[in-house]
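Structure record follows, encoded as structure tokens.
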Amino acid sequence: MVGGKRAMELAAAGLVAALGLGACAGGESPRRSALLLSLDTTRADALSCYGGGAATPNLDRLAREGILFERAHTVVPITLPAHASMLTGLIPLRHGLRDNGAAALPESATTLAELAQARGVQTAAFVASIVLAPAFGLDQGFEVYGSPGREEGSDEARALHGGERRAGKQVDLALAWLEGRDRSRPFFLWVHFYDPHAPYDPPPGTEGSDPYLGEVAAMDREIGRLFAGLEADGALDETTILAIADHGEAFGEHGERTHAAYCYEPTLAVPFLLRLPDGRRAGERSRAVVSVVDVFPTLAGAMGLDPGPGGLDGSNLLGAIDTERSIYFESYYGYITHGWSPLAGTVDARWKYIHSSEPELFDLDVDPAEEHNLVASAPERAARLRESLAGFDELEKLSASDAAIDADLIANIQALGYSGMAGENAVLPAPAKGSALPSPRSQSSWFDAYERAQGLRRAGRLDEAAAVFESVLRTNPADYQAIEELAGIRYGQGRVAEALAGFRRLTESGPGRARHFYSLGLCLSATGDLEGARAAIAHAVEMAPNRPAYARTLRKLEARLGG
Ligand SMILES: [Zn+2]
């Protein structure tokens, strides 16, 4: 049903079209193209136009010829869910992707690419990491969805680099696609760059001593090549360009090395640059509170597409922006991976509230470094913000996808340190709920030790790694990930009784993921308890029917028991 306001808008558009006043009004095909550049792991304050240390003349050009948003935030400092929010205009709570490798975007989602494609726009995406593989559903609506394949090197290199495709390759693919497109129709092209993500290894010859800034500068150089291609093609002045990061990188601030676990500004604040094709608002610097969820409505508006009757969490930034706006954010990474309290919160033009078992309130105007927690001195404000956070849980949610995800892909995502719990229906607590679990902040002192231990394990220095995990468990005996890592090491060393005890804890009082039951079964089988092994592995198969290895092991066990 068409509501009153919407009916008036449609009538007005019809009138404009009837009078022949405007080429892109009403039911006509959109004429304008859009280019989305998503810069993985790129801190706003790395770019020169934000005062940073990387030479980024091409992204700076977007700031000079367009709008630079000074207060942009992601909704979750994790690659897959943040990109899902860009493409759907919904917060993670509503689109349902909460961690990398955990689920696919539901078919019922309407993505920007689907909206564009339905109106005759050509659509293409080139993503640079397996974290955004087509199995995770962001390919909805893209006629072409290029993602890293086997040619990206050995399994080990793929695991370490997220199956990374370098910026140069990404731009080659994008330019080749632009060259072959149908010039009678506009396009929506999304190019994802993964270079600034760890490990920081800029291409040889990149000037400067900081390898991270070198990666950002090298990415910018390739973006310049893409702009030159668009310019030579004549498409630049018909194309809206939006460059944004999915999250930043912490570099030790607040005790975090990379991103995902915490919700402080080094990982939540992102660059956001918007260049309109007609040079409107060139050089503007906006203090409006904006977010990755604004990508969908803003680019839809720029292309002349109607995103439908509301219901989005994002706003079209080409229209008036609500100055009272409050943006939702979350990280359930610590909850899913370590058994910490979930993190969720809101940020507005001044106040930032982070809910957990130890809530935090910051006045970003006077304390941008988030060093002075005001929860105790401003309890009423904190309570009000907590209440508004609870309101986000009332919004309508997409129903979860039951799409099966390839077992090898899940294993590669797990190797990157993410949950890879796809196919296991885990119910996550509501964002403003109370929690008795340790707050992520309280765990930061050993977080570094933890990451060091993972490095030692990957390097095959198992005893040293085990010693670090043991020390982690002395301070936080309930840490799921440390229990699992230690049990895995012990199993590999043939110390089966110790491994068995670890996996028993995970299945009896921990999160009990399918892979924990599977590992428990392998340990039981090694001790000769074949009946116990069969029960544990049958449970794993039931939880995750999409993993052929689990089903194979179960058949072998049944053959041994039956024979
Ligand atoms: Zn990312």
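So you can find residues: chains in the structure tokens are A, B, ... in the order shown, residues in each start at 1, and ligands are numbered from 1 in order.
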Legend entry - Expected selection as a PyMOL selection string for ligand 1 within 7 Å, only C-alpha atoms and all ligand atoms: chain A and resi 40-41+78-79+197+246-247
Inset, instruction - Could you give me, as a ChimeraX atom specification, the residues within 12 Å of Arg181 (chain A), counting only C-alpha atoms and dropping anything in the same chain fewer than 3 positions from it? - result: /A:121-124,143-144,174-178,184-189,233,235
Keeping only N, CA and C atoms, write those residues as a PDB file, in the first residue's frame.
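Printed below is selection_5.pdb as written:
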```
ATOM      1  N   VAL A 121      20.207  -1.154 -14.213  1.00  0.00           N
ATOM      2  CA  VAL A 121      21.598  -0.725 -14.027  1.00  0.00           C
ATOM      3  C   VAL A 121      22.496  -1.957 -14.111  1.00  0.00           C
ATOM      4  N   GLN A 122      23.659  -1.818 -14.763  1.00  0.00           N
ATOM      5  CA  GLN A 122      24.625  -2.935 -14.792  1.00  0.00           C
ATOM      6  C   GLN A 122      25.348  -2.965 -13.462  1.00  0.00           C
ATOM      7  N   THR A 123      25.554  -4.159 -12.933  1.00  0.00           N
ATOM      8  CA  THR A 123      26.149  -4.252 -11.600  1.00  0.00           C
ATOM      9  C   THR A 123      27.363  -5.183 -11.622  1.00  0.00           C
ATOM     10  N   ALA A 124      28.411  -4.776 -10.919  1.00  0.00           N
ATOM     11  CA  ALA A 124      29.590  -5.640 -10.790  1.00  0.00           C
ATOM     12  C   ALA A 124      30.283  -5.344  -9.476  1.00  0.00           C
ATOM     13  N   GLU A 143      25.689  -8.826 -11.273  1.00  0.00           N
ATOM     14  CA  GLU A 143      25.812  -9.687 -12.461  1.00  0.00           C
ATOM     15  C   GLU A 143      27.193 -10.336 -12.481  1.00  0.00           C
ATOM     16  N   VAL A 144      28.185  -9.578 -12.028  1.00  0.00           N
ATOM     17  CA  VAL A 144      29.555 -10.095 -11.943  1.00  0.00           C
ATOM     18  C   VAL A 144      30.004  -9.912 -10.505  1.00  0.00           C
ATOM     19  N   ALA A 174      38.534  -4.272 -12.446  1.00  0.00           N
ATOM     20  CA  ALA A 174      37.486  -3.252 -12.544  1.00  0.00           C
ATOM     21  C   ALA A 174      37.571  -2.524 -13.890  1.00  0.00           C
ATOM     22  N   LEU A 175      38.799  -2.184 -14.307  1.00  0.00           N
ATOM     23  CA  LEU A 175      38.971  -1.471 -15.583  1.00  0.00           C
ATOM     24  C   LEU A 175      38.550  -2.350 -16.761  1.00  0.00           C
ATOM     25  N   ALA A 176      38.879  -3.641 -16.687  1.00  0.00           N
ATOM     26  CA  ALA A 176      38.490  -4.552 -17.770  1.00  0.00           C
ATOM     27  C   ALA A 176      36.971  -4.648 -17.849  1.00  0.00           C
ATOM     28  N   TRP A 177      36.319  -4.686 -16.687  1.00  0.00           N
ATOM     29  CA  TRP A 177      34.850  -4.763 -16.688  1.00  0.00           C
ATOM     30  C   TRP A 177      34.251  -3.477 -17.268  1.00  0.00           C
ATOM     31  N   LEU A 178      34.801  -2.323 -16.861  1.00  0.00           N
ATOM     32  CA  LEU A 178      34.283  -1.038 -17.370  1.00  0.00           C
ATOM     33  C   LEU A 178      34.428  -0.964 -18.886  1.00  0.00           C
ATOM     34  N   SER A 184      25.227   2.070 -23.041  1.00  0.00           N
ATOM     35  CA  SER A 184      23.920   2.738 -23.099  1.00  0.00           C
ATOM     36  C   SER A 184      23.234   2.742 -21.731  1.00  0.00           C
ATOM     37  N   ARG A 185      23.818   2.030 -20.778  1.00  0.00           N
ATOM     38  CA  ARG A 185      23.180   1.945 -19.456  1.00  0.00           C
ATOM     39  C   ARG A 185      24.142   2.387 -18.359  1.00  0.00           C
ATOM     40  N   PRO A 186      23.614   2.957 -17.266  1.00  0.00           N
ATOM     41  CA  PRO A 186      24.500   3.313 -16.143  1.00  0.00           C
ATOM     42  C   PRO A 186      24.957   2.046 -15.404  1.00  0.00           C
ATOM     43  N   PHE A 187      25.936   2.226 -14.515  1.00  0.00           N
ATOM     44  CA  PHE A 187      26.454   1.062 -13.775  1.00  0.00           C
ATOM     45  C   PHE A 187      26.546   1.354 -12.284  1.00  0.00           C
ATOM     46  N   PHE A 188      26.549   0.260 -11.508  1.00  0.00           N
ATOM     47  CA  PHE A 188      26.930   0.323 -10.092  1.00  0.00           C
ATOM     48  C   PHE A 188      28.091  -0.653  -9.924  1.00  0.00           C
ATOM     49  N   LEU A 189      29.251  -0.106  -9.593  1.00  0.00           N
ATOM     50  CA  LEU A 189      30.461  -0.915  -9.454  1.00  0.00           C
ATOM     51  C   LEU A 189      30.981  -0.781  -8.022  1.00  0.00           C
ATOM     52  N   ASP A 233      37.555   7.276 -20.075  1.00  0.00           N
ATOM     53  CA  ASP A 233      36.349   6.656 -20.605  1.00  0.00           C
ATOM     54  C   ASP A 233      35.214   7.669 -20.758  1.00  0.00           C
ATOM     55  N   ALA A 235      33.407   8.540 -18.213  1.00  0.00           N
ATOM     56  CA  ALA A 235      32.357   8.189 -17.243  1.00  0.00           C
ATOM     57  C   ALA A 235      32.479   8.961 -15.933  1.00  0.00           C
TER      58      ALA A 235
END
```
Inset, instruction - Would you list the contacts of region 498-503 of chain A as a list in words, taking every protein, DNA or RNA residue within 9 Å and counting only C-alpha atoms, but skipping same-chain residues closer than 4 positions in sequence? - result: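 The neighbour list is Ile483, Glu484, Leu486, Ala487, Gly488, Ile489, Arg490, Tyr491, Gly492, Gly494, Thr507, Glu508, Gly512, His516, Phe517, Ser519, Leu520, Gly521, Leu522, Cys523 and Leu524 of chain A.
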Any chance you could export the current selection's N, CA, C and O atoms as a PDB file, in the first residue's frame?
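What follows is the written file out.pdb:
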```pdb
ATOM      1  N   ILE A 483      41.075 -22.341  25.741  1.00  0.00           N
ATOM      2  CA  ILE A 483      40.871 -23.766  26.053  1.00  0.00           C
ATOM      3  C   ILE A 483      40.984 -24.584  24.761  1.00  0.00           C
ATOM      4  O   ILE A 483      41.659 -25.622  24.712  1.00  0.00           O
ATOM      5  N   GLU A 484      40.355 -24.088  23.708  1.00  0.00           N
ATOM      6  CA  GLU A 484      40.350 -24.822  22.443  1.00  0.00           C
ATOM      7  C   GLU A 484      41.755 -24.889  21.824  1.00  0.00           C
ATOM      8  O   GLU A 484      42.193 -25.935  21.358  1.00  0.00           O
ATOM      9  N   LEU A 486      44.641 -24.667  23.372  1.00  0.00           N
ATOM     10  CA  LEU A 486      45.498 -25.526  24.185  1.00  0.00           C
ATOM     11  C   LEU A 486      45.143 -27.000  23.948  1.00  0.00           C
ATOM     12  O   LEU A 486      46.035 -27.842  23.775  1.00  0.00           O
ATOM     13  N   ALA A 487      43.844 -27.298  23.916  1.00  0.00           N
ATOM     14  CA  ALA A 487      43.428 -28.692  23.700  1.00  0.00           C
ATOM     15  C   ALA A 487      43.889 -29.170  22.322  1.00  0.00           C
ATOM     16  O   ALA A 487      44.342 -30.318  22.165  1.00  0.00           O
ATOM     17  N   GLY A 488      43.816 -28.285  21.332  1.00  0.00           N
ATOM     18  CA  GLY A 488      44.257 -28.636  19.973  1.00  0.00           C
ATOM     19  C   GLY A 488      45.749 -28.945  19.943  1.00  0.00           C
ATOM     20  O   GLY A 488      46.206 -29.901  19.298  1.00  0.00           O
ATOM     21  N   ILE A 489      46.533 -28.138  20.650  1.00  0.00           N
ATOM     22  CA  ILE A 489      47.982 -28.368  20.716  1.00  0.00           C
ATOM     23  C   ILE A 489      48.268 -29.715  21.386  1.00  0.00           C
ATOM     24  O   ILE A 489      49.063 -30.527  20.900  1.00  0.00           O
ATOM     25  N   ARG A 490      47.594 -29.962  22.514  1.00  0.00           N
ATOM     26  CA  ARG A 490      47.825 -31.215  23.247  1.00  0.00           C
ATOM     27  C   ARG A 490      47.432 -32.432  22.402  1.00  0.00           C
ATOM     28  O   ARG A 490      48.127 -33.450  22.409  1.00  0.00           O
ATOM     29  N   TYR A 491      46.354 -32.334  21.665  1.00  0.00           N
ATOM     30  CA  TYR A 491      45.939 -33.449  20.793  1.00  0.00           C
ATOM     31  C   TYR A 491      47.027 -33.715  19.751  1.00  0.00           C
ATOM     32  O   TYR A 491      47.435 -34.858  19.530  1.00  0.00           O
ATOM     33  N   GLY A 492      47.531 -32.625  19.172  1.00  0.00           N
ATOM     34  CA  GLY A 492      48.589 -32.745  18.162  1.00  0.00           C
ATOM     35  C   GLY A 492      49.861 -33.344  18.735  1.00  0.00           C
ATOM     36  O   GLY A 492      50.634 -33.994  18.028  1.00  0.00           O
ATOM     37  N   GLY A 494      49.879 -35.619  21.009  1.00  0.00           N
ATOM     38  CA  GLY A 494      49.587 -36.966  21.502  1.00  0.00           C
ATOM     39  C   GLY A 494      49.242 -37.006  22.986  1.00  0.00           C
ATOM     40  O   GLY A 494      49.138 -38.083  23.577  1.00  0.00           O
ATOM     41  N   THR A 507      32.319 -28.586  25.541  1.00  0.00           N
ATOM     42  CA  THR A 507      31.012 -29.138  25.179  1.00  0.00           C
ATOM     43  C   THR A 507      30.059 -29.175  26.369  1.00  0.00           C
ATOM     44  O   THR A 507      28.853 -29.116  26.191  1.00  0.00           O
ATOM     45  N   GLU A 508      30.606 -29.244  27.587  1.00  0.00           N
ATOM     46  CA  GLU A 508      29.718 -29.352  28.745  1.00  0.00           C
ATOM     47  C   GLU A 508      29.362 -27.997  29.335  1.00  0.00           C
ATOM     48  O   GLU A 508      28.221 -27.746  29.687  1.00  0.00           O
ATOM     49  N   GLY A 512      30.027 -25.067  23.140  1.00  0.00           N
ATOM     50  CA  GLY A 512      29.610 -26.307  22.501  1.00  0.00           C
ATOM     51  C   GLY A 512      29.348 -26.186  21.019  1.00  0.00           C
ATOM     52  O   GLY A 512      28.290 -26.552  20.527  1.00  0.00           O
ATOM     53  N   HIS A 516      33.737 -28.429  18.382  1.00  0.00           N
ATOM     54  CA  HIS A 516      34.160 -28.909  19.702  1.00  0.00           C
ATOM     55  C   HIS A 516      33.699 -30.352  19.915  1.00  0.00           C
ATOM     56  O   HIS A 516      34.441 -31.179  20.429  1.00  0.00           O
ATOM     57  N   PHE A 517      32.456 -30.659  19.488  1.00  0.00           N
ATOM     58  CA  PHE A 517      31.960 -32.034  19.614  1.00  0.00           C
ATOM     59  C   PHE A 517      32.759 -32.976  18.702  1.00  0.00           C
ATOM     60  O   PHE A 517      33.065 -34.106  19.072  1.00  0.00           O
ATOM     61  N   SER A 519      35.911 -32.581  17.740  1.00  0.00           N
ATOM     62  CA  SER A 519      37.231 -32.804  18.360  1.00  0.00           C
ATOM     63  C   SER A 519      37.128 -33.721  19.571  1.00  0.00           C
ATOM     64  O   SER A 519      37.992 -34.575  19.791  1.00  0.00           O
ATOM     65  N   LEU A 520      36.057 -33.553  20.356  1.00  0.00           N
ATOM     66  CA  LEU A 520      35.835 -34.447  21.494  1.00  0.00           C
ATOM     67  C   LEU A 520      35.745 -35.895  21.011  1.00  0.00           C
ATOM     68  O   LEU A 520      36.353 -36.804  21.590  1.00  0.00           O
ATOM     69  N   GLY A 521      35.013 -36.089  19.900  1.00  0.00           N
ATOM     70  CA  GLY A 521      34.874 -37.427  19.324  1.00  0.00           C
ATOM     71  C   GLY A 521      36.216 -38.002  18.903  1.00  0.00           C
ATOM     72  O   GLY A 521      36.507 -39.185  19.158  1.00  0.00           O
ATOM     73  N   LEU A 522      37.067 -37.163  18.291  1.00  0.00           N
ATOM     74  CA  LEU A 522      38.393 -37.652  17.873  1.00  0.00           C
ATOM     75  C   LEU A 522      39.212 -38.078  19.090  1.00  0.00           C
ATOM     76  O   LEU A 522      39.903 -39.103  19.063  1.00  0.00           O
ATOM     77  N   CYS A 523      39.139 -37.312  20.170  1.00  0.00           N
ATOM     78  CA  CYS A 523      39.883 -37.654  21.391  1.00  0.00           C
ATOM     79  C   CYS A 523      39.364 -38.967  21.984  1.00  0.00           C
ATOM     80  O   CYS A 523      40.146 -39.832  22.390  1.00  0.00           O
ATOM     81  N   LEU A 524      38.040 -39.098  22.044  1.00  0.00           N
ATOM     82  CA  LEU A 524      37.454 -40.325  22.616  1.00  0.00           C
ATOM     83  C   LEU A 524      37.849 -41.532  21.785  1.00  0.00           C
ATOM     84  O   LEU A 524      38.179 -42.595  22.328  1.00  0.00           O
TER      85      LEU A 524
END
```
Inset, instruction - For each of A:Asp195, A:Glu558, A:Asp393, A:Asp448, take the minimum atom-to-atom distance to Gly252 (chain A), counting only C-alpha atoms, then give the residue where this is smallest. - result: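 Among A:Asp195, A:Glu558, A:Asp393, A:Asp448, it is A:Asp448 that comes nearest to Gly252 (chain A).
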Legend entry - Selection: 8 Å around Leu80 (chain A), only C-alpha atoms, excl. self and same-chain fewer than 3 positions, as a list in words: His83, Ala84, Leu97, Asp99, Asn100, Gly101, Val131 and Leu132 of chain A
Legend entry - Of the listed residues A:Arg71, A:His372, A:Arg166, A:Arg257, that which approaches Glu451 (chain A) most closely, counting only C-alpha atoms: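 Comparing A:Arg71, A:His372, A:Arg166, A:Arg257 against Glu451 (chain A), the winner is A:Arg257.
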Inset, instruction - Would you mind reading off the distance between CA of Val541 (chain A) and CA of Arg515 (chain A), one decimal, in Å? - result: 9.4 Å
Inset, instruction - Record the distance separating CA of Ala104 (chain A) and CA of Gly137 (chain A), expressed in Å with one decimal. - result: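 We find that CA of Ala104 (chain A) and CA of Gly137 (chain A) lie 5.1 Å from each other.
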Inset, instruction - Enumerate the residues of region 260-447 of chain A with a DSSP assignment of helix (DSSP H, G or I), computed from the backbone, and present them as a ChimeraX atom specification. - result: /A:265-268,292-303,333-338,379-392,407-415,440-447
Inset, instruction - May I have the residues within 9 Å of region 259-264 of chain A as a list in words, using only C-alpha atoms and disregarding those fewer than 5 positions away in the same chain? - result: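 Residues meeting the cut-off are Thr41, Val76, Pro77, Ile78, Thr79, Asp99, His247, Gly248, Glu249, Ala250, Phe251, Glu253, His254, Ala269, Phe329, Glu330, Ser331, Tyr332, Tyr333, Gly334, Leu343, Ala344, Gly345, Ile354, Ala369, Glu370, Pro440 and Arg441 of chain A.
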Just write the chosen residues, C-alpha atoms, as a PDB file, in the first residue's frame.
```pdb
ATOM      1  CA  THR A  41      40.980  -1.688   7.762  1.00  0.00           C
ATOM      2  CA  VAL A  76      30.677  -3.227  13.638  1.00  0.00           C
ATOM      3  CA  PRO A  77      34.483  -3.432  13.340  1.00  0.00           C
ATOM      4  CA  ILE A  78      34.312  -6.718  11.394  1.00  0.00           C
ATOM      5  CA  THR A  79      34.597  -7.034   7.605  1.00  0.00           C
ATOM      6  CA  ASP A  99      30.876 -12.134  12.631  1.00  0.00           C
ATOM      7  CA  HIS A 247      36.513  -0.354  10.156  1.00  0.00           C
ATOM      8  CA  GLY A 248      39.856   1.002  11.316  1.00  0.00           C
ATOM      9  CA  GLU A 249      42.793  -0.626  13.124  1.00  0.00           C
ATOM     10  CA  ALA A 250      43.761  -0.176  16.796  1.00  0.00           C
ATOM     11  CA  PHE A 251      47.595  -0.463  16.784  1.00  0.00           C
ATOM     12  CA  GLU A 253      45.307   1.708  21.567  1.00  0.00           C
ATOM     13  CA  HIS A 254      43.059   0.489  24.428  1.00  0.00           C
ATOM     14  CA  ALA A 269      35.803   5.772  13.194  1.00  0.00           C
ATOM     15  CA  PHE A 329      27.248  -0.204  16.859  1.00  0.00           C
ATOM     16  CA  GLU A 330      28.252  -3.590  18.273  1.00  0.00           C
ATOM     17  CA  SER A 331      30.876  -6.266  18.550  1.00  0.00           C
ATOM     18  CA  TYR A 332      29.848  -9.806  19.516  1.00  0.00           C
ATOM     19  CA  TYR A 333      33.277 -11.127  18.521  1.00  0.00           C
ATOM     20  CA  GLY A 334      34.474 -11.435  22.140  1.00  0.00           C
ATOM     21  CA  LEU A 343      29.527  -5.044  23.351  1.00  0.00           C
ATOM     22  CA  ALA A 344      26.907  -2.755  21.833  1.00  0.00           C
ATOM     23  CA  GLY A 345      26.265   0.951  21.997  1.00  0.00           C
ATOM     24  CA  ILE A 354      29.249   1.271  25.206  1.00  0.00           C
ATOM     25  CA  ALA A 369      40.613   9.344  23.225  1.00  0.00           C
ATOM     26  CA  GLU A 370      37.910   7.726  25.419  1.00  0.00           C
ATOM     27  CA  PRO A 440      36.238  -7.188  27.005  1.00  0.00           C
ATOM     28  CA  ARG A 441      37.967  -4.177  28.581  1.00  0.00           C
TER      29      ARG A 441
END
```
Legend entry - Selected residue, from A:Phe447, A:Lys169, A:Glu65, A:His95, that lies nearest to Asp278 (chain A) when counting only C-alpha atoms: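 Going through A:Phe447, A:Lys169, A:Glu65, A:His95 one by one, the smallest distance to Asp278 (chain A) is for A:Glu65.
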Legend entry - Straight-line distance linking CA of His192 (chain A) with CA of Val127 (chain A), stated in Å to one decimal: 4.8 Å
Inset, instruction - For region 461-474 of chain A, please output as JSON, numbers by chain all residues within 8 Å (counting only C-alpha atoms; exclusion window: fewer than 3 positions along the same chain). - result: {"A": [446, 449, 450, 452, 453, 454, 455, 456, 457, 458, 477, 478, 479, 482, 483, 485, 486, 489]}
Given the selection you just returned, output its residues as a file containing C-alpha atoms, formatted as a PDB file, in the first residue's frame.
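part-v3.pdb, written as the output of this step:
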```
ATOM      1  CA  TRP A 446      46.486 -10.535  28.375  1.00  0.00           C
ATOM      2  CA  ALA A 449      49.868 -12.478  25.144  1.00  0.00           C
ATOM      3  CA  TYR A 450      47.035 -14.328  23.538  1.00  0.00           C
ATOM      4  CA  ARG A 452      51.516 -13.841  20.597  1.00  0.00           C
ATOM      5  CA  ALA A 453      50.590 -17.432  21.480  1.00  0.00           C
ATOM      6  CA  GLN A 454      48.625 -17.825  18.261  1.00  0.00           C
ATOM      7  CA  GLY A 455      51.679 -16.662  16.342  1.00  0.00           C
ATOM      8  CA  LEU A 456      53.869 -19.217  18.157  1.00  0.00           C
ATOM      9  CA  ARG A 457      51.390 -21.991  17.408  1.00  0.00           C
ATOM     10  CA  ARG A 458      51.307 -21.078  13.708  1.00  0.00           C
ATOM     11  CA  PRO A 477      39.854 -19.898  33.245  1.00  0.00           C
ATOM     12  CA  ALA A 478      36.669 -19.663  31.154  1.00  0.00           C
ATOM     13  CA  ASP A 479      38.244 -18.328  27.936  1.00  0.00           C
ATOM     14  CA  ALA A 482      42.374 -20.439  24.898  1.00  0.00           C
ATOM     15  CA  ILE A 483      40.871 -23.766  26.053  1.00  0.00           C
ATOM     16  CA  GLU A 485      43.810 -23.712  21.287  1.00  0.00           C
ATOM     17  CA  LEU A 486      45.498 -25.526  24.185  1.00  0.00           C
ATOM     18  CA  ILE A 489      47.982 -28.368  20.716  1.00  0.00           C
TER      19      ILE A 489
END
```
Inset, instruction - Kindly indicate which residue among A:Ser85, A:Ser444, A:Asn58, A:Gln140 lies nearest to Tyr328 (chain A), using only C-alpha atoms for the distances. - result: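 Once distances to Tyr328 (chain A) are computed over only C-alpha atoms, the minimum belongs to A:Ser85.
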Inset, instruction - For region 527-532 of chain A, work out the shell of residues within 8 Å, counting only C-alpha atoms and skipping chain neighbours fewer than 5 positions away, then give it as a ChimeraX atom specification. - result: /A:496,521,557,561
Legend entry - Among listed residues A:Asn373, A:Asn316, A:Gln493, A:Ser48, nearest Trp351 (chain A) (using only C-alpha atoms):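 Using only C-alpha atoms, the shortest distance to Trp351 (chain A) belongs to A:Asn373.
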